[in-house]
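One file, entry.txt, carrying compact mmCIF, C-alpha atoms and all ligand atoms:
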# COMPACT_ATOMS: atom_id res chain seq x y z
CA MET A 1 0.00 0.00 0.00
CA ARG A 2 1.28 3.43 -0.88
CA GLU A 3 1.41 5.95 1.90
CA THR A 4 2.35 9.58 1.50
CA ILE A 5 2.02 12.13 4.20
CA ILE A 6 2.54 15.74 3.27
CA THR A 7 2.53 18.23 6.13
CA SER A 8 2.11 21.99 6.03
CA SER A 9 4.65 22.68 8.77
CA ASP A 10 8.18 21.47 9.16
CA THR A 11 8.01 21.16 12.94
CA PRO A 12 9.72 17.89 13.82
CA VAL A 13 7.28 15.28 15.04
CA ASP A 14 8.50 13.65 18.23
CA ASP A 15 9.58 10.11 17.29
CA LEU A 16 8.22 8.65 20.49
CA ASP A 17 4.88 10.35 19.86
CA ARG A 18 4.78 8.76 16.46
CA ALA A 19 5.75 5.39 17.90
CA LEU A 20 2.88 5.49 20.40
CA ARG A 21 0.18 6.69 18.02
CA PRO A 22 -2.00 3.79 16.79
CA GLN A 23 -1.58 3.22 13.04
CA ARG A 24 -4.94 1.64 12.26
CA MET A 25 -8.41 2.38 13.60
CA GLN A 26 -8.67 -1.16 14.93
CA ASP A 27 -5.62 -0.48 17.16
CA MET A 28 -7.35 2.46 18.83
CA VAL A 29 -8.72 1.88 22.31
CA GLY A 30 -12.24 3.05 23.28
CA HIS A 31 -14.78 5.04 21.27
CA ARG A 32 -16.18 1.81 19.87
CA GLU A 33 -19.35 3.47 18.51
CA VAL A 34 -17.30 6.07 16.62
CA TYR A 35 -15.07 3.30 15.31
CA ALA A 36 -18.06 1.20 14.21
CA ARG A 37 -19.61 4.11 12.29
CA LEU A 38 -16.33 5.06 10.61
CA LEU A 39 -15.65 1.45 9.71
CA ILE A 40 -18.98 1.23 7.86
CA ALA A 41 -18.31 4.48 5.99
CA VAL A 42 -14.75 3.40 5.05
CA ASP A 43 -15.90 -0.05 4.01
CA ALA A 44 -18.72 1.35 1.84
CA ALA A 45 -16.38 3.86 0.19
CA ARG A 46 -13.92 1.08 -0.61
CA LYS A 47 -16.61 -1.22 -2.00
CA ARG A 48 -18.09 1.51 -4.20
CA CYS A 49 -14.64 2.85 -5.15
CA GLU A 50 -15.88 6.29 -4.21
CA SER A 51 -14.37 8.97 -2.05
CA LEU A 52 -15.38 8.87 1.62
CA GLY A 53 -17.74 11.64 2.80
CA HIS A 54 -16.18 14.58 4.62
CA ILE A 55 -15.72 14.03 8.37
CA LEU A 56 -15.46 16.49 11.26
CA PHE A 57 -13.91 15.48 14.58
CA ASP A 58 -14.44 17.67 17.58
CA GLY A 59 -13.59 17.39 21.26
CA PRO A 60 -11.06 18.48 23.87
CA PRO A 61 -7.30 18.19 23.23
CA GLY A 62 -5.46 14.86 23.33
CA LEU A 63 -8.42 12.52 22.80
CA GLY A 64 -7.57 11.10 19.38
CA LYS A 65 -8.86 13.48 16.68
CA THR A 66 -5.55 13.58 14.80
CA THR A 67 -5.05 9.86 15.40
CA PHE A 68 -8.42 8.98 13.82
CA ALA A 69 -7.73 11.37 10.94
CA MET A 70 -4.38 9.70 10.24
CA CYS A 71 -5.69 6.14 10.54
CA ILE A 72 -8.57 6.63 8.10
CA PRO A 73 -6.45 7.08 4.92
CA ARG A 74 -4.35 4.07 5.91
CA ASP A 75 -7.50 1.99 6.28
CA LEU A 76 -8.72 3.34 2.94
CA GLY A 77 -5.37 2.70 1.29
CA LYS A 78 -5.22 6.32 0.14
CA THR A 79 -2.78 9.20 0.49
CA LEU A 80 -2.98 11.88 3.16
CA GLN A 81 -2.15 15.58 3.12
CA ILE A 82 -2.04 17.51 6.39
CA ALA A 83 -2.66 21.23 6.75
CA SER A 84 -3.33 23.46 9.70
CA GLY A 85 -6.16 26.01 9.82
CA ALA A 86 -3.86 28.61 11.33
CA ALA A 87 -1.35 28.35 8.45
CA LEU A 88 -3.97 28.75 5.69
CA THR A 89 -4.28 32.52 5.71
CA ALA A 90 -5.57 33.02 2.14
CA PRO A 91 -7.27 30.86 -0.54
CA LYS A 92 -3.97 30.61 -2.43
CA ASP A 93 -2.50 28.67 0.53
CA LEU A 94 -5.16 26.02 0.08
CA LEU A 95 -4.77 25.78 -3.68
CA PRO A 96 -1.78 23.35 -3.80
CA TYR A 97 -3.51 20.96 -1.41
CA LEU A 98 -6.70 20.90 -3.47
CA THR A 99 -5.03 20.58 -6.84
CA ASN A 100 -2.62 17.90 -5.57
CA ALA A 101 -5.38 15.85 -3.95
CA GLU A 102 -5.55 12.48 -5.67
CA GLU A 103 -8.80 10.68 -6.31
CA GLY A 104 -10.21 9.42 -3.02
CA SER A 105 -7.30 10.87 -1.00
CA VAL A 106 -7.69 12.61 2.36
CA LEU A 107 -6.97 16.23 3.15
CA PHE A 108 -6.76 16.71 6.90
CA ILE A 109 -7.16 20.27 8.21
CA ASP A 110 -6.31 20.51 11.88
CA GLU A 111 -7.64 23.40 13.98
CA ILE A 112 -10.18 24.04 11.24
CA HIS A 113 -11.94 26.68 13.34
CA ARG A 114 -8.94 28.94 12.70
CA LEU A 115 -9.58 29.18 8.92
CA PRO A 116 -10.25 32.76 7.85
CA LYS A 117 -13.66 33.46 6.30
CA THR A 118 -12.21 33.88 2.78
CA VAL A 119 -10.56 30.45 2.89
CA GLU A 120 -13.69 28.89 4.32
CA GLU A 121 -15.80 30.26 1.47
CA PHE A 122 -13.25 29.03 -1.05
CA LEU A 123 -13.68 25.55 0.45
CA TYR A 124 -17.47 25.39 0.10
CA PRO A 125 -17.63 24.49 -3.64
CA ALA A 126 -14.54 22.30 -3.24
CA MET A 127 -16.32 20.25 -0.59
CA GLU A 128 -19.69 20.15 -2.27
CA ASP A 129 -18.95 19.88 -5.99
CA PHE A 130 -15.16 19.26 -6.05
CA ARG A 131 -14.78 22.55 -7.87
CA ILE A 132 -12.91 25.75 -7.15
CA ASP A 133 -13.69 29.20 -8.42
CA ILE A 134 -10.64 31.33 -9.06
CA ALA A 135 -11.15 35.06 -9.56
CA LEU A 136 -8.80 36.67 -12.12
CA GLY A 137 -8.28 40.36 -12.81
CA GLU A 138 -10.16 43.29 -11.38
CA GLY A 139 -12.96 45.67 -12.35
CA VAL A 140 -14.43 45.24 -15.85
CA ASN A 141 -11.77 42.66 -16.74
CA ALA A 142 -12.59 40.47 -13.76
CA ARG A 143 -13.59 36.92 -14.55
CA THR A 144 -13.88 33.67 -12.71
CA ILE A 145 -12.33 30.41 -13.78
CA ASN A 146 -13.88 27.18 -12.55
CA MET A 147 -11.54 24.30 -12.03
CA GLN A 148 -12.66 20.74 -11.47
CA LEU A 149 -10.91 18.79 -8.71
CA ARG A 150 -10.53 15.08 -8.20
CA PRO A 151 -13.00 13.82 -5.58
CA PHE A 152 -11.30 13.85 -2.19
CA THR A 153 -12.24 13.61 1.47
CA LEU A 154 -11.83 16.50 3.84
CA ILE A 155 -11.27 15.60 7.47
CA GLY A 156 -11.46 18.53 9.87
CA ALA A 157 -10.50 18.54 13.53
CA THR A 158 -11.34 21.18 16.09
CA THR A 159 -11.33 21.70 19.83
CA ARG A 160 -13.85 24.53 19.36
CA ALA A 161 -16.74 23.24 17.27
CA GLY A 162 -18.86 26.22 18.36
CA MET A 163 -16.53 28.55 16.48
CA LEU A 164 -17.22 26.86 13.12
CA SER A 165 -19.70 28.63 10.88
CA ALA A 166 -22.91 26.69 10.20
CA PRO A 167 -22.33 26.44 6.40
CA LEU A 168 -18.93 24.82 6.95
CA ARG A 169 -20.19 22.52 9.72
CA ASP A 170 -23.11 21.35 7.60
CA ARG A 171 -20.90 20.41 4.67
CA PHE A 172 -19.40 17.57 6.69
CA ILE A 173 -21.30 14.36 6.06
CA MET A 174 -20.27 12.81 9.38
CA ARG A 175 -19.58 14.58 12.61
CA GLU A 176 -17.94 12.68 15.45
CA HIS A 177 -17.53 14.04 18.93
CA LEU A 178 -14.71 12.51 20.98
CA ASP A 179 -15.19 12.40 24.72
CA PHE A 180 -12.97 11.55 27.67
CA TYR A 181 -11.83 7.95 28.24
CA THR A 182 -12.65 5.67 31.18
CA VAL A 183 -9.93 4.57 33.59
CA GLU A 184 -10.14 1.03 32.13
CA GLU A 185 -9.57 2.34 28.59
CA LEU A 186 -6.66 4.49 29.71
CA THR A 187 -5.16 1.54 31.58
CA GLU A 188 -5.24 -0.44 28.35
CA ILE A 189 -3.60 2.48 26.47
CA VAL A 190 -0.84 2.66 29.13
CA ARG A 191 -0.31 -1.11 28.85
CA ARG A 192 -0.06 -0.99 25.07
CA SER A 193 2.23 2.05 25.11
CA SER A 194 4.55 0.38 27.65
CA ALA A 195 4.76 -2.64 25.37
CA LYS A 196 5.68 -0.35 22.45
CA LEU A 197 8.31 1.37 24.61
CA GLN A 198 9.48 -2.06 25.79
CA VAL A 199 9.20 -1.16 29.44
CA PRO A 200 7.75 -3.77 31.83
CA ILE A 201 4.84 -2.43 33.92
CA SER A 202 2.67 -4.04 36.58
CA ASP A 203 -1.14 -3.92 36.16
CA ASP A 204 -1.66 -1.79 39.26
CA ALA A 205 1.00 0.70 38.10
CA ALA A 206 -0.72 1.01 34.69
CA GLY A 207 -3.99 1.63 36.55
CA GLU A 208 -2.37 4.27 38.75
CA ILE A 209 -1.02 6.20 35.76
CA ALA A 210 -4.48 5.94 34.14
CA VAL A 211 -6.27 7.32 37.23
CA ARG A 212 -3.98 10.32 37.25
CA SER A 213 -4.39 11.10 33.54
CA ARG A 214 -7.70 13.03 33.50
CA GLY A 215 -9.39 10.77 30.97
CA THR A 216 -6.89 11.85 28.27
CA PRO A 217 -4.67 9.43 26.28
CA ARG A 218 -2.07 12.10 25.52
CA LEU A 219 -1.60 12.76 29.25
CA ALA A 220 -1.49 9.03 29.98
CA ASN A 221 1.32 8.62 27.44
CA ASN A 222 3.18 11.68 28.72
CA ARG A 223 2.94 10.45 32.30
CA LEU A 224 4.06 6.99 31.28
CA ARG A 225 7.11 8.50 29.56
CA TRP A 226 8.02 10.41 32.71
CA VAL A 227 7.59 7.31 34.92
CA ARG A 228 9.72 5.37 32.46
CA ASP A 229 12.50 7.98 32.72
CA TYR A 230 12.20 7.87 36.49
CA VAL A 231 12.52 4.09 36.75
CA THR A 232 15.40 4.07 34.27
CA SER A 233 17.29 6.66 36.26
CA LYS A 234 16.41 5.59 39.81
CA ALA A 235 15.72 1.85 39.56
CA ASP A 236 16.00 -1.17 37.30
CA GLY A 237 13.79 0.14 34.48
CA LYS A 238 10.67 -1.82 35.53
CA ILE A 239 7.55 0.11 36.56
CA SER A 240 6.08 -1.07 39.87
CA ILE A 241 3.23 0.61 41.73
CA GLN A 242 5.64 2.07 44.31
CA LEU A 243 7.86 3.61 41.62
CA ALA A 244 4.83 4.91 39.69
CA HIS A 245 3.63 6.63 42.89
CA ALA A 246 7.05 8.09 43.61
CA ALA A 247 7.52 9.37 40.03
CA LEU A 248 4.08 10.99 39.80
CA ASP A 249 4.39 12.48 43.29
CA MET A 250 7.69 14.02 42.24
CA GLN A 251 5.89 15.62 39.28
CA GLU A 252 3.33 16.94 41.80
CA ILE A 253 0.48 15.12 40.10
CA ASP A 254 -1.97 14.07 42.79
CA ALA A 255 -4.31 11.10 43.12
CA ARG A 256 -7.01 12.71 40.94
CA GLY A 257 -4.61 13.95 38.28
CA LEU A 258 -4.44 17.58 39.42
CA ASP A 259 -1.07 19.28 38.98
CA SER A 260 0.40 22.09 41.08
CA GLN A 261 -1.21 24.79 38.91
CA ASP A 262 -4.68 23.27 39.36
CA ARG A 263 -4.22 23.12 43.12
CA LYS A 264 -2.90 26.69 43.19
CA TYR A 265 -6.05 27.82 41.36
CA LEU A 266 -8.30 26.12 43.93
CA GLU A 267 -6.20 27.44 46.83
CA THR A 268 -6.29 31.00 45.45
CA ILE A 269 -10.09 30.99 45.30
CA LEU A 270 -10.28 29.46 48.78
CA ARG A 271 -7.63 31.60 50.44
CA VAL A 272 -8.04 34.97 48.74
CA PHE A 273 -11.68 34.90 47.68
CA ARG A 274 -13.14 32.73 50.46
CA GLY A 275 -14.21 30.03 48.06
CA GLY A 276 -15.91 32.39 45.57
CA PRO A 277 -17.95 33.32 43.64
CA VAL A 278 -15.20 35.25 41.91
CA GLY A 279 -14.59 36.35 38.32
CA VAL A 280 -11.95 34.39 36.43
CA GLU A 281 -10.04 37.61 35.61
CA ALA A 282 -9.55 38.34 39.32
CA VAL A 283 -8.19 34.81 39.91
CA ALA A 284 -5.91 35.13 36.87
CA HIS A 285 -4.52 38.47 38.09
CA THR A 286 -3.88 37.09 41.56
CA MET A 287 -2.09 34.06 40.13
CA ASN A 288 -0.22 36.25 37.65
CA LEU A 289 -1.46 34.18 34.72
CA ALA A 290 -3.37 34.94 31.51
CA THR A 291 -7.13 34.44 31.73
CA ASP A 292 -6.95 32.23 28.60
CA THR A 293 -4.51 29.89 30.33
CA LEU A 294 -6.92 29.38 33.19
CA GLU A 295 -9.93 28.96 30.92
CA ASP A 296 -8.25 26.59 28.46
CA GLU A 297 -5.86 24.58 30.62
CA VAL A 298 -6.98 24.63 34.22
CA GLU A 299 -10.73 25.09 34.47
CA PRO A 300 -12.11 22.41 32.09
CA TYR A 301 -10.94 19.51 34.26
CA LEU A 302 -11.93 21.14 37.55
CA LEU A 303 -15.39 21.92 36.14
CA ARG A 304 -15.73 18.43 34.75
CA THR A 305 -14.88 16.82 38.08
CA GLY A 306 -17.26 19.20 39.88
CA MET A 307 -14.57 20.73 42.10
CA VAL A 308 -15.50 24.16 40.74
CA ILE A 309 -18.77 25.48 39.36
CA ARG A 310 -19.52 28.51 37.22
CA THR A 311 -22.27 30.72 38.57
CA PRO A 312 -23.62 33.99 37.14
CA ARG A 313 -21.45 35.77 39.73
CA GLY A 314 -18.27 33.83 38.97
CA ARG A 315 -16.36 30.68 39.87
CA LYS A 316 -17.03 28.89 43.12
CA VAL A 317 -15.21 25.99 44.79
CA THR A 318 -17.64 23.17 45.67
CA ALA A 319 -17.68 20.76 48.60
CA ALA A 320 -15.72 18.29 46.40
CA GLY A 321 -13.06 20.96 45.79
CA HIS A 322 -12.80 21.75 49.51
CA GLN A 323 -12.57 18.06 50.30
CA HIS A 324 -9.87 17.41 47.74
CA LEU A 325 -7.59 20.04 49.26
CA GLY A 326 -8.52 19.01 52.80
CA TRP A 327 -10.30 22.31 53.54
CA GLU A 328 -13.46 22.46 55.62
CA MET A 329 -16.56 23.68 53.84
CA PRO A 330 -17.91 26.78 55.66
CA GLN A 331 -20.99 25.90 57.75
CA GLU A 332 -23.47 28.28 56.08
CA GLU A 333 -22.41 26.96 52.65
CA GLU A 334 -23.11 23.40 53.70
CA SER A 335 -26.57 24.20 55.07
CA GLY A 336 -27.20 26.45 52.05
CA GLN A 337 -26.42 23.53 49.76
CA ARG A 338 -28.65 21.22 51.72
CA ARG A 339 -31.50 23.69 51.41
CA LEU A 340 -30.96 23.81 47.68
CA PHE A 341 -31.63 20.11 47.20
N1 LIG B 401 -8.07 5.81 21.10
C1 LIG B 401 -6.77 5.84 21.34
N2 LIG B 401 -6.08 4.70 21.58
C2 LIG B 401 -4.76 4.73 21.82
N3 LIG B 401 -4.02 5.88 21.87
C3 LIG B 401 -4.64 7.03 21.64
C4 LIG B 401 -6.05 7.08 21.35
N4 LIG B 401 -6.40 8.36 21.18
C5 LIG B 401 -5.29 9.08 21.33
N5 LIG B 401 -4.23 8.30 21.60
C6 LIG B 401 -2.86 8.75 21.89
O1 LIG B 401 -2.94 10.07 22.39
C7 LIG B 401 -2.11 10.95 21.65
C8 LIG B 401 -2.87 12.23 21.39
O2 LIG B 401 -3.92 12.01 20.48
P1 LIG B 401 -4.23 13.00 19.26
O3 LIG B 401 -2.98 13.68 18.82
O4 LIG B 401 -4.99 12.22 18.25
O5 LIG B 401 -5.19 14.03 20.00
P2 LIG B 401 -6.02 15.25 19.38
O6 LIG B 401 -7.45 14.98 19.72
O7 LIG B 401 -5.67 15.42 17.95
O8 LIG B 401 -5.51 16.48 20.24
P3 LIG B 401 -5.34 18.04 19.83
O9 LIG B 401 -6.71 18.64 19.87
O10 LIG B 401 -4.48 18.61 20.92
O11 LIG B 401 -4.70 18.09 18.48
C9 LIG B 401 -1.73 10.20 20.38
O12 LIG B 401 -0.37 10.40 20.09
C10 LIG B 401 -1.98 8.76 20.67
O13 LIG B 401 -0.78 8.11 20.99
MG MG B 402 -4.54 16.92 16.97
Whole structure, structure tokens version:
Amino acid sequence: MRETIITSSDTPVDDLDRALRPQRMQDMVGHREVYARLLIAVDAARKRCESLGHILFDGPPGLGKTTFAMCIPRDLGKTLQIASGAALTAPKDLLPYLTNAEEGSVLFIDEIHRLPKTVEEFLYPAMEDFRIDIALGEGVNARTINMQLRPFTLIGATTRAGMLSAPLRDRFIMREHLDFYTVEELTEIVRRSSAKLQVPISDDAAGEIAVRSRGTPRLANNRLRWVRDYVTSKADGKISIQLAHAALDMQEIDARGLDSQDRKYLETILRVFRGGPVGVEAVAHTMNLATDTLEDEVEPYLLRTGMVIRTPRGRKVTAAGHQHLGWEMPQEEESGQRRLF
């Protein structure tokens, strides 16, 4: 099978990252419903010798959007081109990808929500009719040339599906949302990754790394790589539960996967703002961090685990958040909560 991958950036891909990324959809752990649907679409496209319908993947970072997008062309036996929404600043940047696309091949646009409006509009006829309209000249001499493209499949990935315009979103035939993984699924990913890295790991140590990985395969792999370094440097290179604990504790990742920045965020609200409600800007200023950093990196997990809630008056640490840091919930809050339910 021929396999060509053309990327838009020349940033070196970490070899270990590449080694750990599943190569085929069947090697991916979890998301069995998504896998089953994609398998049917891929199988049908192969049987009919047609191009696969356009697919949009959305969901939080590190859950497998790029991995799915890279497995699909392999399963189809077709070539893959990779572009990034942020790098496509004008329609001309997209032109080489579209004209080079072979019949049935895949064009993967990562961070597709970052495409400027002009590029998006240029994509519409390409997606719908495999045609591009190129404007030449200006004023009275202006004319448009239509160019026919070979049928191809566009795969888009985004962490911010809400930022996509409706016309672009609706041109994707399939839309798959990727959600967080269970501890069992992450344990399996850690086990498989350790096998690929040829590092022996006990079952309970794999489970411990999984528990501390916030439902995210990328974090599970990153944590495994750190634990592997730790056992290579400090011990005999085998990962036991004791060594996994020691390595993750040294990285200040606690039993629920919070790192020091997450705990500092909770502590700031508790210590400075008496548990909230407080606006995120005020917390960011106190911590000397950008608001975006808190909103994108810290808050999603704390909100998901219910340690923090968002109220109309701002962020508030919940009983679970107090408990996690070993703080007592103020009395009136507790009775207030009881009254609520
Ligand atoms: N289902 C899975 N099974 C096994 N490993 C996985 C799975 N999903 C993701 N991974 C691993 O997690 C890493 C991160 O996944 P990926 O790059 O696909 O995330 P992403 O959703 O594209 O994130 P981002 O939004 O940050 O680009 C991959 O390198 C891969 O090794
Ligand atoms: Mg990605």
(-12.5, 0.4, 26.2) in this file's frame - what residues fall within 8 Å of it? Use all atoms listed in the file and give the answer as a ChimeraX atom specification.
/A:29-32,181-182,184-186,188
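The two atoms in question, atom CA of A:Val298 and atom CA of A:Val190, are spaced 23.4 Å apart.
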Would you pick out the contacts of stretch 303-305 of chain A at 12 Å or less, using all atoms listed in the file, so that residues sharing its chain but fewer than 3 positions from it are not included, and give the list as a CSV table (one decimal) with C-alpha atoms, keeping the file's coordinate frame?
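So around-v2.csv came out as:
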chain,number,residue,atom,x,y,z
A,60,PRO,CA,-11.1,18.5,23.9
A,179,ASP,CA,-15.2,12.4,24.7
A,180,PHE,CA,-13.0,11.6,27.7
A,214,ARG,CA,-7.7,13.0,33.5
A,215,GLY,CA,-9.4,10.8,31.0
A,256,ARG,CA,-7.0,12.7,40.9
A,257,GLY,CA,-4.6,14.0,38.3
A,258,LEU,CA,-4.4,17.6,39.4
A,262,ASP,CA,-4.7,23.3,39.4
A,266,LEU,CA,-8.3,26.1,43.9
A,294,LEU,CA,-6.9,29.4,33.2
A,295,GLU,CA,-9.9,29.0,30.9
A,296,ASP,CA,-8.2,26.6,28.5
A,297,GLU,CA,-5.9,24.6,30.6
A,298,VAL,CA,-7.0,24.6,34.2
A,299,GLU,CA,-10.7,25.1,34.5
A,300,PRO,CA,-12.1,22.4,32.1
A,308,VAL,CA,-15.5,24.2,40.7
A,309,ILE,CA,-18.8,25.5,39.4
A,310,ARG,CA,-19.5,28.5,37.2
A,311,THR,CA,-22.3,30.7,38.6
A,315,ARG,CA,-16.4,30.7,39.9
A,316,LYS,CA,-17.0,28.9,43.1
A,317,VAL,CA,-15.2,26.0,44.8
A,318,THR,CA,-17.6,23.2,45.7
A,319,ALA,CA,-17.7,20.8,48.6
A,320,ALA,CA,-15.7,18.3,46.4
A,321,GLY,CA,-13.1,21.0,45.8
A,324,HIS,CA,-9.9,17.4,47.7
Shell of 10 Å around ligand LIG 401 (chain B) (only C-alpha atoms and all ligand atoms), written as a PyMOL selection string
chain A and resi 14+16-32+35+57-71+110-111+157-160+178-181+185-186+188-190+192-193+216-222
Taking C-alpha atoms for each residue, export the selection above as a compact mmCIF listing (two decimals), keeping the file's coordinate frame.
# COMPACT_ATOMS: atom_id res chain seq x y z
CA ASP A 14 8.50 13.65 18.23
CA LEU A 16 8.22 8.65 20.49
CA ASP A 17 4.88 10.35 19.86
CA ARG A 18 4.78 8.76 16.46
CA ALA A 19 5.75 5.39 17.90
CA LEU A 20 2.88 5.49 20.40
CA ARG A 21 0.18 6.69 18.02
CA PRO A 22 -2.00 3.79 16.79
CA GLN A 23 -1.58 3.22 13.04
CA ARG A 24 -4.94 1.64 12.26
CA MET A 25 -8.41 2.38 13.60
CA GLN A 26 -8.67 -1.16 14.93
CA ASP A 27 -5.62 -0.48 17.16
CA MET A 28 -7.35 2.46 18.83
CA VAL A 29 -8.72 1.88 22.31
CA GLY A 30 -12.24 3.05 23.28
CA HIS A 31 -14.78 5.04 21.27
CA ARG A 32 -16.18 1.81 19.87
CA TYR A 35 -15.07 3.30 15.31
CA PHE A 57 -13.91 15.48 14.58
CA ASP A 58 -14.44 17.67 17.58
CA GLY A 59 -13.59 17.39 21.26
CA PRO A 60 -11.06 18.48 23.87
CA PRO A 61 -7.30 18.19 23.23
CA GLY A 62 -5.46 14.86 23.33
CA LEU A 63 -8.42 12.52 22.80
CA GLY A 64 -7.57 11.10 19.38
CA LYS A 65 -8.86 13.48 16.68
CA THR A 66 -5.55 13.58 14.80
CA THR A 67 -5.05 9.86 15.40
CA PHE A 68 -8.42 8.98 13.82
CA ALA A 69 -7.73 11.37 10.94
CA MET A 70 -4.38 9.70 10.24
CA CYS A 71 -5.69 6.14 10.54
CA ASP A 110 -6.31 20.51 11.88
CA GLU A 111 -7.64 23.40 13.98
CA ALA A 157 -10.50 18.54 13.53
CA THR A 158 -11.34 21.18 16.09
CA THR A 159 -11.33 21.70 19.83
CA ARG A 160 -13.85 24.53 19.36
CA LEU A 178 -14.71 12.51 20.98
CA ASP A 179 -15.19 12.40 24.72
CA PHE A 180 -12.97 11.55 27.67
CA TYR A 181 -11.83 7.95 28.24
CA GLU A 185 -9.57 2.34 28.59
CA LEU A 186 -6.66 4.49 29.71
CA GLU A 188 -5.24 -0.44 28.35
CA ILE A 189 -3.60 2.48 26.47
CA VAL A 190 -0.84 2.66 29.13
CA ARG A 192 -0.06 -0.99 25.07
CA SER A 193 2.23 2.05 25.11
CA THR A 216 -6.89 11.85 28.27
CA PRO A 217 -4.67 9.43 26.28
CA ARG A 218 -2.07 12.10 25.52
CA LEU A 219 -1.60 12.76 29.25
CA ALA A 220 -1.49 9.03 29.98
CA ASN A 221 1.32 8.62 27.44
CA ASN A 222 3.18 11.68 28.72
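Taking all atoms listed in the file, the non-local environment of A:Val119 within 8 Å (same-chain residues fewer than 6 positions away omitted) comprises Leu88, Thr89, Ala90, Pro91 and Leu94 of chain A.
Coordinates place atom CA of A:Met163 at a distance of 25.6 Å from atom CA of A:Pro96.
Proximity ranking of A:Gln323, A:Phe108, A:Ala87, A:Asp93 relative to ligand MG 402 (chain B) places A:Phe108 first, based on only C-alpha atoms and all ligand atoms.
Of the listed residues A:Gly156, A:Gly53, A:Gly104, A:Pro312, the one whose atoms come nearest to ligand MG 402 (chain B) is A:Gly156, with distances taken using all atoms listed in the file.
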May I ask for the distance between atom CA of A:Asp204 and atom CA of A:Ala246, given in Å to one decimal place?
13.9 Å
Kindly complete stretch 224-240 of chain A to N, CA and C atoms; the output should be written as a tab-separated table (two decimals), in the frame of the given file.
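Contents of the output file rebuild.tsv:
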chain	number	residue	atom	x	y	z
A	224	LEU	N	3.33	8.26	31.39
A	224	LEU	CA	4.06	6.99	31.28
A	224	LEU	C	5.53	7.26	30.91
A	225	ARG	N	5.73	8.20	29.99
A	225	ARG	CA	7.11	8.50	29.56
A	225	ARG	C	7.94	9.06	30.71
A	226	TRP	N	7.31	9.87	31.55
A	226	TRP	CA	8.02	10.41	32.71
A	226	TRP	C	8.35	9.28	33.70
A	227	VAL	N	7.36	8.41	33.97
A	227	VAL	CA	7.59	7.31	34.92
A	227	VAL	C	8.69	6.39	34.39
A	228	ARG	N	8.69	6.21	33.08
A	228	ARG	CA	9.72	5.37	32.46
A	228	ARG	C	11.11	6.00	32.66
A	229	ASP	N	11.23	7.31	32.47
A	229	ASP	CA	12.50	7.98	32.72
A	229	ASP	C	12.91	7.80	34.18
A	230	TYR	N	11.93	7.96	35.05
A	230	TYR	CA	12.20	7.87	36.49
A	230	TYR	C	12.74	6.49	36.86
A	231	VAL	N	12.07	5.43	36.37
A	231	VAL	CA	12.52	4.09	36.75
A	231	VAL	C	13.86	3.73	36.08
A	232	THR	N	14.11	4.33	34.92
A	232	THR	CA	15.40	4.07	34.27
A	232	THR	C	16.52	4.73	35.07
A	233	SER	N	16.25	5.94	35.55
A	233	SER	CA	17.29	6.66	36.26
A	233	SER	C	17.47	6.16	37.70
A	234	LYS	N	16.34	5.88	38.37
A	234	LYS	CA	16.41	5.59	39.81
A	234	LYS	C	16.36	4.10	40.15
A	235	ALA	N	15.89	3.27	39.20
A	235	ALA	CA	15.72	1.85	39.56
A	235	ALA	C	16.17	0.97	38.40
A	236	ASP	N	15.53	-0.21	38.30
A	236	ASP	CA	16.00	-1.17	37.30
A	236	ASP	C	15.26	-1.10	35.97
A	237	GLY	N	14.48	-0.01	35.76
A	237	GLY	CA	13.79	0.14	34.48
A	237	GLY	C	12.45	-0.55	34.40
A	238	LYS	N	12.00	-1.19	35.53
A	238	LYS	CA	10.67	-1.82	35.53
A	238	LYS	C	9.72	-0.95	36.35
A	239	ILE	N	8.48	-0.79	35.85
A	239	ILE	CA	7.55	0.11	36.56
A	239	ILE	C	6.69	-0.69	37.54
A	240	SER	N	6.92	-0.46	38.84
A	240	SER	CA	6.08	-1.07	39.87
A	240	SER	C	5.16	0.01	40.41
